[in-house]
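S.K.: For reference, the file protein.csv (CSV, C-alpha atoms and all ligand atoms) is included below:
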```csv
chain,number,residue,atom,x,y,z
P,1039,MET,CA,-16.7,12.2,0.6
P,1040,THR,CA,-12.9,12.9,0.6
P,1041,LEU,CA,-10.8,10.3,2.3
P,1042,ARG,CA,-7.8,11.6,4.1
P,1043,LEU,CA,-4.9,9.1,3.5
P,1044,GLY,CA,-1.5,8.5,4.9
P,1045,VAL,CA,0.8,6.5,2.6
P,1046,LEU,CA,3.6,4.3,4.0
P,1047,ILE,CA,6.4,3.4,1.7
P,1048,SER,CA,9.9,2.0,1.7
P,1049,GLY,CA,11.2,2.7,-1.8
P,1050,ARG,CA,10.3,3.8,-5.3
P,1051,GLY,CA,6.8,5.0,-4.6
P,1052,SER,CA,5.2,4.4,-7.9
P,1053,ASN,CA,1.9,3.3,-6.3
P,1054,PHE,CA,1.9,6.4,-4.1
P,1055,GLN,CA,2.4,8.4,-7.4
P,1056,ALA,CA,-0.5,6.6,-9.0
P,1057,ILE,CA,-2.8,7.6,-6.2
P,1058,ALA,CA,-1.5,11.2,-6.1
P,1059,THR,CA,-2.0,11.5,-9.9
P,1060,GLU,CA,-5.6,10.3,-9.8
P,1061,ILE,CA,-6.3,12.7,-6.9
P,1062,GLN,CA,-4.7,15.6,-8.9
P,1063,SER,CA,-6.8,14.8,-12.0
P,1064,GLY,CA,-10.0,14.8,-9.9
P,1065,ASP,CA,-10.7,11.1,-10.5
P,1066,LEU,CA,-10.2,10.0,-6.8
P,1067,ASP,CA,-12.1,11.5,-3.8
P,1068,ALA,CA,-9.1,11.5,-1.5
P,1069,SER,CA,-6.3,13.6,-0.2
P,1070,ILE,CA,-2.8,12.5,1.0
P,1071,GLY,CA,-2.0,14.0,4.4
P,1072,VAL,CA,1.5,12.6,4.6
P,1073,VAL,CA,3.9,10.1,3.1
P,1074,ILE,CA,6.1,8.3,5.6
P,1075,SER,CA,9.0,6.0,4.8
P,1076,ASN,CA,11.0,3.8,7.1
P,1077,GLU,CA,13.9,4.3,4.7
P,1078,GLY,CA,15.1,7.9,4.8
P,1079,ASN,CA,16.5,7.8,1.2
P,1080,ALA,CA,13.4,6.3,-0.4
P,1081,PRO,CA,12.9,7.9,-3.9
P,1082,GLY,CA,9.2,8.1,-3.1
P,1083,LEU,CA,9.8,10.7,-0.4
P,1084,ASP,CA,11.4,13.0,-3.0
P,1085,LEU,CA,8.5,12.4,-5.4
P,1086,ALA,CA,6.1,13.4,-2.6
P,1087,GLY,CA,8.2,16.5,-1.7
P,1088,LYS,CA,8.1,17.6,-5.3
P,1089,MET,CA,4.3,17.3,-5.3
P,1090,GLY,CA,4.1,19.4,-2.2
P,1091,ILE,CA,2.9,16.6,0.0
P,1092,PRO,CA,4.5,16.3,3.5
P,1093,ALA,CA,7.1,13.5,3.3
P,1094,ILE,CA,8.8,12.2,6.4
P,1095,GLY,CA,11.5,9.5,6.9
P,1096,ILE,CA,11.3,7.7,10.3
P,1097,ASP,CA,14.2,5.4,10.9
P,1098,PRO,CA,13.1,2.4,13.1
P,1099,GLN,CA,16.6,2.0,14.4
P,1100,ARG,CA,16.3,5.3,16.3
P,1101,PHE,CA,13.7,3.6,18.6
P,1102,ASP,CA,14.1,0.9,21.3
P,1103,SER,CA,11.2,-1.2,20.1
P,1104,ARG,CA,8.7,-1.7,17.3
P,1105,ASP,CA,6.0,-0.2,19.5
P,1106,ALA,CA,8.0,3.0,20.1
P,1107,TYR,CA,8.7,3.3,16.3
P,1108,GLU,CA,5.1,2.8,15.4
P,1109,ALA,CA,4.0,5.2,18.1
P,1110,GLU,CA,5.9,7.9,16.3
P,1111,VAL,CA,4.4,6.8,12.9
P,1112,VAL,CA,0.9,7.0,14.5
P,1113,ALA,CA,1.7,10.4,16.0
P,1114,GLN,CA,2.7,11.7,12.5
P,1115,LEU,CA,-0.4,10.2,10.9
P,1116,ARG,CA,-2.6,11.8,13.5
P,1117,ALA,CA,-0.8,15.1,13.2
P,1118,HIS,CA,-1.7,15.1,9.5
P,1119,GLU,CA,-5.3,14.1,10.2
P,1120,VAL,CA,-5.1,10.8,8.5
P,1121,GLU,CA,-8.2,8.5,8.4
P,1122,TRP,CA,-7.0,5.6,6.3
P,1123,VAL,CA,-3.5,4.2,5.9
P,1124,VAL,CA,-2.2,2.8,2.6
P,1125,LEU,CA,0.8,0.5,2.6
P,1126,ALA,CA,2.3,1.0,-0.8
P,1127,GLY,CA,5.6,-0.9,-1.0
P,1128,TYR,CA,6.1,-0.7,2.8
P,1129,MET,CA,8.5,-3.4,3.6
P,1130,LYS,CA,7.9,-3.8,7.3
P,1131,LEU,CA,5.5,-6.0,9.2
P,1132,VAL,CA,2.8,-3.9,10.9
P,1133,GLY,CA,2.7,-4.3,14.6
P,1134,ARG,CA,-0.1,-3.9,17.2
P,1135,THR,CA,0.5,-0.2,17.9
P,1136,LEU,CA,-0.2,0.8,14.3
P,1137,LEU,CA,-3.0,-1.8,13.9
P,1138,ASN,CA,-4.8,-0.7,17.0
P,1139,ALA,CA,-4.6,3.0,16.1
P,1140,PHE,CA,-6.1,2.4,12.7
P,1141,LYS,CA,-8.3,-0.6,13.3
P,1142,HIS,CA,-9.5,-2.1,10.0
P,1143,ARG,CA,-8.4,1.1,8.2
P,1144,ILE,CA,-5.0,0.0,6.9
P,1145,ILE,CA,-4.8,-1.5,3.4
P,1146,ASN,CA,-1.9,-3.1,1.5
P,1147,ILE,CA,-1.1,-3.9,-2.1
P,1148,HIS,CA,0.7,-7.1,-2.9
P,1149,PRO,CA,2.0,-8.2,-6.3
P,1150,SER,CA,0.4,-11.7,-6.4
P,1151,LEU,CA,-3.1,-13.2,-6.3
P,1152,LEU,CA,-3.3,-13.8,-2.6
P,1153,PRO,CA,-3.3,-16.2,-0.7
P,1154,SER,CA,-0.7,-17.4,-3.2
P,1155,PHE,CA,2.9,-16.2,-3.0
P,1156,LYS,CA,3.0,-14.1,0.2
P,1157,GLY,CA,6.1,-12.3,1.3
P,1158,LEU,CA,9.1,-11.1,-0.7
P,1159,ASP,CA,9.7,-11.7,-4.4
P,1160,ALA,CA,6.1,-12.7,-5.1
P,1161,GLN,CA,6.6,-12.4,-8.9
P,1162,LYS,CA,9.7,-14.7,-8.7
P,1163,GLN,CA,7.8,-17.2,-6.6
P,1164,ALA,CA,4.9,-17.2,-9.2
P,1165,LEU,CA,7.3,-17.8,-12.1
P,1166,GLU,CA,9.1,-20.6,-10.3
P,1167,TYR,CA,5.9,-22.3,-9.4
P,1168,GLY,CA,4.9,-22.1,-13.1
P,1169,VAL,CA,1.5,-20.5,-12.7
P,1170,LYS,CA,-0.3,-19.4,-15.9
P,1171,VAL,CA,-1.9,-16.3,-14.4
P,1172,SER,CA,-0.8,-14.0,-11.6
P,1173,GLY,CA,-1.8,-10.4,-10.6
P,1174,CYS,CA,-2.1,-8.2,-7.6
P,1175,THR,CA,-4.3,-7.9,-4.5
P,1176,VAL,CA,-5.4,-5.1,-2.2
P,1177,HIS,CA,-6.4,-6.3,1.2
P,1178,ILE,CA,-7.1,-5.1,4.8
P,1179,VAL,CA,-4.0,-5.4,6.9
P,1180,THR,CA,-4.0,-7.8,9.9
P,1181,ALA,CA,-1.2,-8.9,12.2
P,1182,LYS,CA,-0.2,-11.7,9.7
P,1183,MET,CA,1.9,-10.8,6.6
P,1184,ASP,CA,-0.1,-10.4,3.4
P,1185,ASP,CA,-3.2,-11.7,5.0
P,1186,GLY,CA,-6.6,-10.2,5.8
P,1187,PRO,CA,-9.9,-9.6,3.9
P,1188,ILE,CA,-9.4,-9.1,0.1
P,1189,LEU,CA,-10.8,-5.8,-1.3
P,1190,GLY,CA,-9.8,-6.2,-4.9
P,1191,GLN,CA,-7.7,-8.2,-7.3
P,1192,ARG,CA,-6.5,-7.9,-10.9
P,1193,VAL,CA,-5.3,-10.8,-13.0
P,1194,VAL,CA,-2.5,-10.8,-15.7
P,1195,PRO,CA,-1.3,-13.7,-17.9
P,1196,VAL,CA,2.1,-15.3,-17.3
P,1197,PHE,CA,3.9,-16.1,-20.6
P,1198,GLU,CA,6.5,-18.8,-21.3
P,1199,ASP,CA,9.2,-16.3,-21.9
P,1200,ASP,CA,8.5,-14.0,-18.9
P,1201,THR,CA,11.3,-12.9,-16.7
P,1202,VAL,CA,10.9,-11.5,-13.2
P,1203,ASP,CA,11.2,-8.0,-14.7
P,1204,SER,CA,8.6,-8.5,-17.5
P,1205,LEU,CA,6.1,-10.1,-15.1
P,1206,THR,CA,6.7,-7.4,-12.5
P,1207,GLN,CA,6.1,-4.7,-15.0
P,1208,ARG,CA,2.9,-6.3,-16.3
P,1209,ILE,CA,1.6,-6.6,-12.7
P,1210,LEU,CA,2.7,-3.0,-11.8
P,1211,VAL,CA,0.5,-1.6,-14.5
P,1212,GLN,CA,-2.5,-3.3,-12.9
P,1213,GLU,CA,-1.4,-2.2,-9.4
P,1214,HIS,CA,-1.5,1.4,-10.4
P,1215,GLN,CA,-5.2,1.0,-11.5
P,1216,LEU,CA,-6.4,-1.3,-8.8
P,1217,LEU,CA,-5.1,0.7,-5.8
P,1218,PRO,CA,-6.9,4.0,-6.6
P,1219,GLU,CA,-10.0,2.0,-7.6
P,1220,VAL,CA,-10.2,0.3,-4.2
P,1221,ILE,CA,-9.5,3.6,-2.4
P,1222,GLN,CA,-12.4,5.1,-4.3
P,1223,SER,CA,-14.7,2.3,-3.3
P,1224,ILE,CA,-13.7,2.8,0.3
P,1225,ALA,CA,-14.5,6.6,-0.1
P,1226,ASN,CA,-17.9,5.7,-1.5
P,1227,GLN,CA,-18.7,3.4,1.4
P,1228,GLN,CA,-17.6,6.0,4.0
P,1229,PHE,CA,-19.9,8.5,2.2
P,1230,ILE,CA,-22.9,6.1,2.4
P,1231,LYS,CA,-22.1,5.4,6.1
P,1232,LYS,CA,-22.1,9.1,7.0
P,1233,ARG,CA,-25.4,9.9,5.4
K,1,LIG,C1,4.7,-3.1,-5.5
K,1,LIG,O1,4.9,-4.1,-6.3
K,1,LIG,C2,3.8,-3.5,-4.3
K,1,LIG,O2,2.8,-4.4,-4.7
K,1,LIG,C3,4.7,-4.2,-3.4
K,1,LIG,O3,5.9,-3.4,-3.4
K,1,LIG,C4,6.0,-2.7,-4.7
K,1,LIG,C5,6.1,-1.3,-4.4
K,1,LIG,O4,6.4,-0.5,-5.6
K,1,LIG,N1,4.2,-4.3,-2.1
K,1,LIG,P1,6.3,1.1,-5.5
K,1,LIG,O5,7.3,1.5,-4.4
K,1,LIG,O6,4.9,1.5,-5.2
K,1,LIG,O7,6.8,1.5,-6.9
```
Reformat the file's structure so that it appears as structure tokens.
Ligand code: GRF
M.R.:
Amino acid sequence: MTLRLGVLISGRGSNFQAIATEIQSGDLDASIGVVISNEGNAPGLDLAGKMGIPAIGIDPQRFDSRDAYEAEVVAQLRAHEVEWVVLAGYMKLVGRTLLNAFKHRIINIHPSLLPSFKGLDAQKQALEYGVKVSGCTVHIVTAKMDDGPILGQRVVPVFEDDTVDSLTQRILVQEHQLLPEVIQSIANQQFIKKR
């Protein structure tokens, strides 16, 4: 069963790239219909373009409301026949228009072991708190930020001499494995459901 994905980003796009690479190598039963960024100059959009994947910047400031902005995002996702939405470094809170359009079919990756350290600078929060392990989480998106049922987690150690950069890098390596793994398990479940 091939899962048709839409990926929402705001920046670098390394998690998008990890998904795309796994798809290209035949290790993930999915396809990416479109990559959408709320930041027109996100490097991830260029990456997608170079891979021949439709890449669209949608500037929220062009719209009167979050609903109107999200209605355009939903229209683009539908136009590209997207079934599941992946938030991969998408730095905006998801509102009701997007949530309702893809009910329980939006996932997010966050660089901490949720429910600890929600929000911005999760790795810095973890270091400042002094935890000895951290990691990353993939979860179903709800109206609350970095909340919702957990689908997968990976753990990394936190060392005495870690900096935000070194911890971020260690977590990122795990993010790039966890996200495609969770998407594959969703694809497997959809396959079972449809049989
Ligand atoms: C990742 O750390 C992800 O967990 C967080 O934002 C970062 C995005 O990185 N939500 P990238 O754009 O995928 O490289």
S.K.: Quote the spacing between CA of His1142 (chain P) and CA of Val1179 (chain P) in Å to one decimal place.
M.R.: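 Spanning CA of His1142 (chain P) to CA of Val1179 (chain P) is a straight-line distance of 7.1 Å.
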S.K.: Write out, as CSV, each residue of chain P that has an atom at most 10 Å from ligand LIG 1 (chain K), together with the closest pair of atoms and their distance in Å to one decimal, counting all atoms listed in the file, rows going by chain and rising number.
M.R.:
```
residue,atom,partner,partner_atom,distance
P:Leu1046,CA,K:LIG1,O5,9.6
P:Ile1047,CA,K:LIG1,O5,6.5
P:Ser1048,CA,K:LIG1,O5,6.6
P:Gly1049,CA,K:LIG1,O5,4.8
P:Arg1050,CA,K:LIG1,O5,3.9
P:Gly1051,CA,K:LIG1,O5,3.5
P:Ser1052,CA,K:LIG1,O7,3.5
P:Asn1053,CA,K:LIG1,O6,3.7
P:Phe1054,CA,K:LIG1,O6,5.8
P:Gln1055,CA,K:LIG1,O6,7.7
P:Ala1056,CA,K:LIG1,O6,8.3
P:Ile1057,CA,K:LIG1,O6,9.9
P:Ala1080,CA,K:LIG1,O5,8.7
P:Pro1081,CA,K:LIG1,O5,8.5
P:Gly1082,CA,K:LIG1,O5,7.0
P:Leu1125,CA,K:LIG1,N1,7.5
P:Ala1126,CA,K:LIG1,O6,5.1
P:Gly1127,CA,K:LIG1,C5,3.5
P:Tyr1128,CA,K:LIG1,N1,6.4
P:Met1129,CA,K:LIG1,N1,7.2
P:Asn1146,CA,K:LIG1,N1,7.2
P:Ile1147,CA,K:LIG1,O2,4.7
P:His1148,CA,K:LIG1,O2,3.9
P:Pro1149,CA,K:LIG1,O2,4.2
P:Ser1150,CA,K:LIG1,O2,7.9
P:Gly1157,CA,K:LIG1,N1,8.9
P:Leu1158,CA,K:LIG1,N1,8.5
P:Asp1159,CA,K:LIG1,C3,9.1
P:Ala1160,CA,K:LIG1,O1,8.8
P:Gln1161,CA,K:LIG1,O1,8.9
P:Gly1173,CA,K:LIG1,O2,9.6
P:Cys1174,CA,K:LIG1,O2,6.8
P:Thr1175,CA,K:LIG1,O2,7.9
P:Val1176,CA,K:LIG1,O2,8.6
P:Asp1184,CA,K:LIG1,N1,9.3
P:Thr1206,CA,K:LIG1,O1,7.3
P:Gln1207,CA,K:LIG1,O1,8.8
P:Ile1209,CA,K:LIG1,O1,7.6
P:Leu1210,CA,K:LIG1,O1,6.0
P:Val1211,CA,K:LIG1,O1,9.6
P:Gln1212,CA,K:LIG1,O2,9.8
P:Glu1213,CA,K:LIG1,O2,6.7
P:His1214,CA,K:LIG1,O6,8.2
P:Leu1217,CA,K:LIG1,O2,9.5
```
S.K.: Take the point (15.0, 10.7, 1.6) as written in the file and pick out every residue within 10 Å of it, counting only C-alpha atoms; give the list as a PyMOL selection string.
M.R.: chain P and resi 1049+1075-1085+1087+1093-1096
S.K.: Identify, on the basis of all atoms listed in the file, every residue whose closest approach to Arg1116 (chain P) does not exceed 10 Å; exclude the query and any residue fewer than 3 positions from it along the same chain; express the result as a list in words.
M.R.: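 Counting only the stated atoms, we get Gly1044, Gly1071, Val1072, Glu1110, Val1111, Val1112, Ala1113, Glu1119, Val1120, Glu1121 and Ala1139 of chain P.
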S.K.: If we draw a sphere of 12 Å around (-17.1, 6.5, 2.3), which residues have at least one atom in it when counting all atoms listed in the file? Please report them as a PyMOL selection string.
M.R.: chain P and resi 1039-1042+1066-1068+1121-1122+1143+1220-1233
S.K.: From the options P:Gly1133, P:Pro1187, P:Leu1043, P:Ser1063, which residue's atoms come nearest to Pro1092 (chain P), counting only C-alpha atoms?
M.R.: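 Checking each of P:Gly1133, P:Pro1187, P:Leu1043, P:Ser1063 against Pro1092 (chain P), counting only C-alpha atoms, the winner is P:Leu1043.
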S.K.: Between CA of Leu1165 (chain P) and CA of Val1202 (chain P), what is the distance in Å, rounded to a tenth?
M.R.: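 Computing it gives 7.3 Å between the two atoms.
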S.K.: How far is it from CA of Gln1215 (chain P) to CA of Leu1189 (chain P), in Å with one decimal?
M.R.: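 One can read the CA of Gln1215 (chain P) to CA of Leu1189 (chain P) distance as 13.5 Å.
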S.K.: Given only C-alpha atoms as the basis, pick out the residue of P:Gln1062, P:Thr1180, P:Ser1103, P:Ser1204 nearest to Leu1131 (chain P).
M.R.: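 Of P:Gln1062, P:Thr1180, P:Ser1103, P:Ser1204, the one nearest Leu1131 (chain P), counting only C-alpha atoms, is P:Thr1180.
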S.K.: Go through P:Met1089, P:Ile1144, P:Ile1178, P:Leu1205 one by one, measure the shortest atom-to-atom distance of each to Glu1166 (chain P) using only C-alpha atoms, and give the residue with the smallest value.
M.R.: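 For Glu1166 (chain P), the nearest of the candidates is P:Leu1205.
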S.K.: Restricting the calculation to all atoms listed in the file, which member of P:Val1124, P:Ala1181, P:Val1171, P:Leu1216 is positioned closest to Val1194 (chain P)?
M.R.: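 Smallest distance to Val1194 (chain P) is found for P:Val1171.
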S.K.: Which one of P:Ala1109, P:Leu1136, P:Ile1188, P:Val1196 sits closest to Leu1152 (chain P) if you count only C-alpha atoms?
M.R.: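 For Leu1152 (chain P), the nearest of the candidates is P:Ile1188.
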